[in-house]
Amino acid sequence: MSDGSRLLEAVDVSVTYDGESNALEHATFQVRAGDLVAVVGPNGSGKSTLLRALVGLIPNLAHGEMTGDVRLLGCSLAGLAPAATARLVGFVQQSPDDQICTTTVRAELAFGLENLNLPIEEIEHRINETAQQFGLQHELDLPTSHLSGGQRQRLILASIMAMRPPVLVCDEPLSRLDPD
């Protein structure tokens, strides 16, 4: 397999918090284009820690010491700035309230696109396209505080997908959604 077919790769990744025992030990795997991977296990087994390491939050923006290497599209996260990593991987956290940055649905959909420095016409196109895809077209001018938990979860996923990252990582992505 050529490196080009590997979207995401973890090589012997271990994480410790505050010098305690490992929260994650020796994770090694590859994810190729088109793969759908589920990380499952009991509470406290290191699932969220693994996902945070995969998107560069550990060790760059969250406490924790990491050994091993995570590669996105063949590039080690150790050599990438968080802004560069954000272009390569989208991350939906467990709680949408921890991730919403703005006060309206439209502004939330625009937030990441503006940070990518896209032209305003492209931003507007992606907002409308993504709102339609995620069933948020009628909520564009609503305050984010007026959305249900499931709508906020959908909004976060939509705002990330509007940026079109090659890799999407979700931590408990269905936890606040209705079965439909």
# chains A, B, ... in the order shown; residues from 1 in each chain; ligands from 1
call {"tool": "residues_around", "arguments": {"residues": "A:Gln151", "least_positions_apart": "6", "cutoff": "12 Å", "atoms": "only C-alpha atoms", "output": "list in words"}}
result
Ser95, Pro96, Asp97, Ile100, Val105, Ala131, Phe134, Gly135, Leu136, Gln137, His138, Glu139, Leu140, Leu142, Pro143, Thr144, Ser145, Leu157, Ala158, Ser159, Leu174, Ser175, Arg176, Leu177 and Asp178 of chain A
call {"tool": "residues_around", "arguments": {"residues": "A:Cys170", "least_positions_apart": "3", "cutoff": "9 Å", "atoms": "only C-alpha atoms", "output": "list in words"}}
result
Leu51, Gly90, Phe91, Val92, Gln93, Gln94, Leu157 and Pro173 of chain A
call {"tool": "select_by_dssp", "arguments": {"residues": "chain A", "states": "strand (DSSP E)", "output": "count of residues only"}}
result
40
call {"tool": "closest_atom_pairs", "arguments": {"of": "stretch 43-161 of chain A", "to": "stretch 29-33 of chain A", "cutoff": "10 Å", "atoms": "only C-alpha atoms", "output": "tab-separated table"}}
result
residue	atom	partner	partner_atom	distance
A:Val70	CA	A:Phe29	CA	9.8
A:Arg71	CA	A:Gln30	CA	9.3
A:Leu72	CA	A:Val31	CA	9.7
A:Leu73	CA	A:Arg32	CA	9.5
call {"tool": "select_by_dssp", "arguments": {"residues": "stretch 18-135 of chain A", "states": "alpha helix (DSSP H)", "output": "ChimeraX atom specification"}}
result
/A:47-54,57-60,82-88,105-115,120-133
call {"tool": "atom_distance", "arguments": {"atom1": "atom CA of A:His125", "atom2": "atom CA of A:Val89"}}
result
21.3 Å
call {"tool": "closest_residue", "arguments": {"among": "A:Leu61, A:Gly41, A:Met66, A:Ser148", "to": "A:Asp18", "atoms": "only C-alpha atoms"}}
result
A:Met66
call {"tool": "closest_residue", "arguments": {"among": "A:Arg152, A:Arg87, A:Arg52, A:His26", "to": "A:Asn117", "atoms": "only C-alpha atoms"}}
result
A:Arg87
call {"tool": "closest_residue", "arguments": {"among": "A:Glu124, A:Ile156, A:Gly19, A:Val169", "to": "A:Gly56", "atoms": "only C-alpha atoms"}}
result
A:Val169
call {"tool": "closest_residue", "arguments": {"among": "A:Ile127, A:Ala53, A:Ile120, A:Leu88", "to": "A:Ala107", "atoms": "only C-alpha atoms"}}
result
A:Ile127
